[in-house]
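First comes the structure, then the notes that go with it.
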6 protein chains.
Amino acid sequence: MSDHVIMREIERADPSVIAGLGEAGVATVYEAQGQHGLLDHAIHPIQRGVRLAGSAVTVLSAPGDNLMVHAAVEMTRPGDILVIALTGPGIHGMVGDLLATSLMAHGCIGLVTESAVRDSAELLEMGFPVWTRAIHSAGTVKANPGSVNVPIICAGASIAPGDVVVADDDGVVVVPRDSAPEALEASQQRLVNETETRARLAAGELGVDFYGLRAKLGELGVEYRDR
Amino acid sequence: MSDHVIMREIERADPSVIAGLGEAGVATVYEAQGQHGLLDHAIHPIQRGVRLAGSAVTVLSAPGDNLMVHAAVEMTRPGDILVIALTGPGIHGMVGDLLATSLMAHGCIGLVTESAVRDSAELLEMGFPVWTRAIHSAGTVKANPGSVNVPIICAGASIAPGDVVVADDDGVVVVPRDSAPEALEASQQRLVNETETRARLAAGELGVDFYGLRAKLGELGVEYRDR
Amino acid sequence: MSDHVIMREIERADPSVIAGLGEAGVATVYEAQGQHGLLDHAIHPIQRGVRLAGSAVTVLSAPGDNLMVHAAVEMTRPGDILVIALTGPGIHGMVGDLLATSLMAHGCIGLVTESAVRDSAELLEMGFPVWTRAIHSAGTVKANPGSVNVPIICAGASIAPGDVVVADDDGVVVVPRDSAPEALEASQQRLVNETETRARLAAGELGVDFYGLRAKLGELGVEYRDR
Amino acid sequence: MSDHVIMREIERADPSVIAGLGEAGVATVYEAQGQHGLLDHAIHPIQRGVRLAGSAVTVLSAPGDNLMVHAAVEMTRPGDILVIALTGPGIHGMVGDLLATSLMAHGCIGLVTESAVRDSAELLEMGFPVWTRAIHSAGTVKANPGSVNVPIICAGASIAPGDVVVADDDGVVVVPRDSAPEALEASQQRLVNETETRARLAAGELGVDFYGLRAKLGELGVEYRDR
Amino acid sequence: MSDHVIMREIERADPSVIAGLGEAGVATVYEAQGQHGLLDHAIHPIQRGVRLAGSAVTVLSAPGDNLMVHAAVEMTRPGDILVIALTGPGIHGMVGDLLATSLMAHGCIGLVTESAVRDSAELLEMGFPVWTRAIHSAGTVKANPGSVNVPIICAGASIAPGDVVVADDDGVVVVPRDSAPEALEASQQRLVNETETRARLAAGELGVDFYGLRAKLGELGVEYRDR
Amino acid sequence: MSDHVIMREIERADPSVIAGLGEAGVATVYEAQGQHGLLDHAIHPIQRGVRLAGSAVTVLSAPGDNLMVHAAVEMTRPGDILVIALTGPGIHGMVGDLLATSLMAHGCIGLVTESAVRDSAELLEMGFPVWTRAIHSAGTVKANPGSVNVPIICAGASIAPGDVVVADDDGVVVVPRDSAPEALEASQQRLVNETETRARLAAGELGVDFYGLRAKLGELGVEYRDR
């Protein structure tokens, strides 16, 4: 039995749940699910102002080898986000405008990688959103085996195929498929609470009173002084 | 006597001096005050094209704990800039849109932190300028004591409460409150000189002649050769 | 004989070749010349959407010393790109708006440096494109000898005076002057091929079939599975 | 149901299997199990010349908080290795000589952490081996919940409680408990093969012949030339 | 009045206080004075097993310029530690075996620098202890003004001339001269307490009981489970 | 004509010159040849106390591929040092104890790489000295073409086959083959001068007098003050 597999079928979360998580955004979803699933802050968007969510099609690839990315295109469905993890360190242009064209043709709505992309100007123009460690043209080969749609660790987070990936200007967070509905509910509750809180803070109320933190400060021995 | 204090009152520099330093910008002020007070280049703006100056309200906080940031809001006055230093390394979302709303409600005009912020899209939309080491959602607690308005070291620079913080696309520089008028004067003199110099250079004059550097090159043994 | 020289005259590639390489862009040229000449990914543009090529005027300078940059201005001709390498590590504001004004007055069309620049807002406004390791105001002196128009290593790439520097949002690649026509031809061929490929991929054809990669996957022992 | 749990009992691999993996060492085991499970190279030993294996007792902790490390001591059994992962970035002295004394008293044979340790001279003297990102005294609190003996991601590797941790001067690799016997067998086979290979290479035979690589070089278009 | 000064005379702490702090070591002193004064963990010893304390003779220098280090030698007295901070980033061989010879001849007992040293083998052989960011030979000049015995920020810590520098395998911590006696007392109390604690932990008592942490775990909602 | 070549024959410097440079060591040779040729400080020895020099046999390899290292063994002669550069970023175990055994069998006396090595304990035991960016086991393939004995850039330094590589605890410096005799002479002169200087400094003379730096300090406006 091979260690290297391409799984054709994966299960995905409910589209309306995915959409709802996309609207909530990274910071809210991350908090709502109990501060789990955040990718390293080195993974940043190449564009500004995009917030989305999709189902993870996962790629596990040797550094500097994009053979498995080519193999993964066929497995993407409309609404999917491709997530590329490496078996070791390496910063190469794993995806450029040609692969992005192919991914978009199959409905893939975005890319997350702990390696790098190239043709960044073209990717922006095409409107294909990318979260990446770097922009770099360093060349790739198609020489090493890898896998598609297996569980991966990408930039410090554990991601299974079909998990919900939420990405925006703050970075990327992953929600396990099974707990996505629960995460959505908690996110929406959070958003409701935040609206209320925001209004009070905008009116000048102090969080230190509002959240009852003065007592905490006292307990911790923090002293207020005039001079 | 507690090590952890919140000082209610601080002295600030003259508003017109602060405004003048803000107009001069980071590079000019840094040079004008003798190449002091620059924060590490890792501290960068999340927005483009903002240049401002304000009085530092300082926060010293445990990594990943924003309790003291909440406590600091009350101490900000219109025109202040919140500066958050940590007692150790750590990159967390110390400030998001709620805290920024609260800070803006009290007139605070910007934030500098050696940690990170989150809700970056919202912060941009709100027009709340931020200079930070990173954008990251990693969660915070409210569990550890710290201080507000004590002298801090932030990103390699020493900052006292009430010092003038100047920030723009080049980064952040701090001007000690006492020497702010002197720094402004030197900055303005520099700007006058630069206007003159810029005109001569734009007309094609060579700095190597203009600044008398050919002699220096000769002294240092640098040879001009045709081939 | 001095180790420190300023070469007045350098040979440059044919202007039409340079222009063609500029149109092809970094990723294409890098691939077309056999995956050589790429600068480290830490060297990034401060602007967005600029793609250009020019002849390298090289500077070898002590860290934190911009004396040789001043000396280099005189040697730039219209269409040149200034490339600044250091003799050791250091991140300083080697070029600001005054030096950029001077460079533009002599026709220099851009700057590449493994150190840093300052006055970044002004550089953007002036339309002077820069690829740099960092934006930082840290001050410079004019105290150490160096060279102009000698072969340098900049951010891991070997650059001779008169080599063609291509730079865009993806970073910077250098083409040896002698092989520039050959690199252009290969780049143009690549662009033609890519247009065709792009159309097929956009129509939904799979690269894994298109490039004959299924056989490769089989040879490498990668298995397709349904579940 | 709490997100934060301390699991009292875990299953461990067979002691003789663990011992065998420890003798094989990191590089061999990593290769033998198909190049999986390696921790980031930033995780390095503070001592030289120690090679061991043990069962992972896992800790998931807030950065800068060692409360859960204290809770984990009770769960360690002779032959265990404590592995500390963080919920976010942070470099603090999570373990010093007191905690190490306590761990040793319960039979724990080593520590792996993606944070830092302190009292490094004392740890060396005590003969308590440590693999860590850094040596740093930065202080910790006991204020945040976390978990013991849950699956964690530590320095980029996925580790479940009871997995076999192998560590030596090359770093750290983790072997899933279930596949430990298989990994041991493959490791031992590898060691046998290597002994043979080593003898032939020491006698001057060339790997390029030995492994049949000349043909590969030819296929890849690599040319041998005399001058 | 010059910005660049060499202060001939500084006040030092009581020699017995300095000696006591040296015996206590970095981690203990750092904790004892309330978790202040720790230098960044990038500053590490080039030797193993040295623990000492001394009075800081401070140097503020341009990156890559060791003129002020030469000037500082004259100001060192037996028992002093030279501490070199930079006005900007840079990693150069600021001190080699000749300067170390000179420093030892004047009684200086060690060196701390946020830049680098060279001749590291010779420094080890001479028994001159060094804490540094790196070992690197990159050359220095003697061209830029700086200061000796002024307050500096070194690797993130504020250090005044005459402050007590404590350094060992864990790194470097600085104790303000005025609070040195108090820090010593607190350190010694800590050492006494630790001896007691160590004995109990070595006997197998659990810190989680000993420090009363089980209640804390309960309050935080951490659950013990058998399976 | 192939881009990928293995050059069988290279010219080497005179053995006595190489030996002399090895005795002088990195810092001295680097200074003696005018502060050129130093590799980045990230390249450090895995052993302590080894100082040597040899002729460079160069390898240019894809990241994570050690095929060309196998090909290079055949080209090493007694006294050579293997230097491995990459065509892009990557940290993998390019050389382990088997390859080292093979290299030693052909007389190769050391290894320099901008990637990583593994089996570090075995390499130490075998007495095979290594200068590397990291110790890491991350696996390699034998799938990509590269070159042996072509000019390379390794860790920021330009190295041609047959150049003299000098390496010790301070790092690595390269001396162009042609200028090796001249570099040796300058190194030896430097050593003579240093012996004299060392004696005077050890006797307590001040470098600030000795080198005539007091005048320089005065010119630069540095003021001596008593308090």
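How things are named: the first chain in the structure tokens is A, the next is B, and so on; residues count from 1 in each chain; ligands count from 1 in the order shown.
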- [ ] Using only C-alpha atoms, find which residues of chain B lie within 12 Å of chain E and jot them down as a PyMOL selection string.
- [x] chain B and resi 2-4+30+33-42+60-62+85-89+114+143+145-146+151-159+220
- [ ] Find the spatial neighbours of A:Asp14, counting only C-alpha atoms, within a cut-off of 9 Å - ignore same-chain residues fewer than 5 positions away - and output them as a list of chain:residue names.
- [x]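 Counting only C-alpha atoms, the residues come to A:Ala19, A:Arg177, A:Ala180, A:Pro181.
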- [ ] Mind checking which residues fall within 7 Å of D:Ser115, counting only C-alpha atoms, ignoring those fewer than 6 positions away in the same chain, and posting them as a ChimeraX atom specification?
- [x] /D:90-92,94,132-134
TODO: Write out as a PyMOL selection string the residues lying within 12 Å of C:Leu67, counting only C-alpha atoms and excluding same-chain residues fewer than 4 positions away.
DONE: (chain B and resi 207-209+211-217+220+222) or (chain C and resi 6+59-63+71-73+84+94-95+99+140-148)
TODO: Based on DSSP run over this structure's backbone, return all residues of stretch 73-220 of chain C in strand (DSSP E), as a PyMOL selection string.
DONE: chain C and resi 80-86+93-95+110-117+130-135+147-148+152-154+157-159+164-168+171-175
TODO: Determine, counting only C-alpha atoms, which protein, DNA and RNA residues have an atom within 10 Å of an atom of D:Ala24; residues of the same chain fewer than 4 positions away are not included. Present the result as a list of chain:residue names.
DONE: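 Here the qualifying residues turn out to be D:Ala19, D:Gly20, D:Thr28, D:Val29, D:Tyr30, D:Ala32, D:Arg51, D:Leu52, D:Ala53, D:Val166, D:Leu184, D:Ser187, D:Gln188, D:Arg190, D:Leu191.
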Only C-alpha atoms, please: the residues just picked out, written as a PDB file, in the first residue's frame.
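Here's the written file result.pdb:
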ATOM      1  CA  ALA D  19      14.371   1.255  23.219  1.00  0.00           C
ATOM      2  CA  GLY D  20      15.099   0.045  19.700  1.00  0.00           C
ATOM      3  CA  THR D  28      17.336   6.684  10.631  1.00  0.00           C
ATOM      4  CA  VAL D  29      13.858   6.533  12.165  1.00  0.00           C
ATOM      5  CA  TYR D  30      12.684   9.546  10.156  1.00  0.00           C
ATOM      6  CA  ALA D  32      12.572   4.453   7.945  1.00  0.00           C
ATOM      7  CA  ARG D  51      20.251   9.863  22.048  1.00  0.00           C
ATOM      8  CA  LEU D  52      17.017   8.562  23.550  1.00  0.00           C
ATOM      9  CA  ALA D  53      13.411   7.613  22.968  1.00  0.00           C
ATOM     10  CA  VAL D 166      13.086   9.964  19.396  1.00  0.00           C
ATOM     11  CA  LEU D 184      11.508  -0.137  14.324  1.00  0.00           C
ATOM     12  CA  SER D 187      14.906   1.256  11.024  1.00  0.00           C
ATOM     13  CA  GLN D 188      16.794  -1.909  11.867  1.00  0.00           C
ATOM     14  CA  ARG D 190      18.088   0.383   7.295  1.00  0.00           C
ATOM     15  CA  LEU D 191      20.899   0.112   9.856  1.00  0.00           C
TER      16      LEU D 191
END
TODO: Excluding D:Leu123 and any residue of its chain fewer than 5 positions from it, enumerate the residues within 10 Å of it, using only C-alpha atoms, and give them as a list in words.
DONE: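 Near neighbours after the sequence-gap exclusion: Ile46, Gln47, Val95, Gly96, Asp97, Leu98, Ala100, Thr101, Val117, Arg118, Phe128, Pro129 and Val130 of chain D.
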- [ ] Return as a list in words the full set of residues in stretch 154-209 of chain B whose backbone-based DSSP assignment is alpha helix (DSSP H).
- [x]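 Alpha helix (DSSP H) assignments inside stretch 154-209 of chain B correspond to Ala180, Pro181, Glu182, Ala183, Leu184, Glu185, Ala186, Ser187, Gln188, Gln189, Arg190, Leu191, Val192, Asn193, Glu194, Thr195, Glu196, Thr197, Arg198, Ala199, Arg200, Leu201, Ala202, Gly207, Val208 and Asp209 of chain B.
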Open item on the list: So the first atom is atom CA of D:Pro78 and the second is atom CA of D:Asp169; what is the distance between them in Å, to one decimal place?
Closed with: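 Separation between atom CA of D:Pro78 and atom CA of D:Asp169: 22.2 Å.
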TODO: Between B:Asp170, B:Val17, B:Arg200, B:Asn149, single out the one closest to B:Glu182, counting only C-alpha atoms.
DONE: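 For B:Glu182, the nearest of the candidates is B:Val17.
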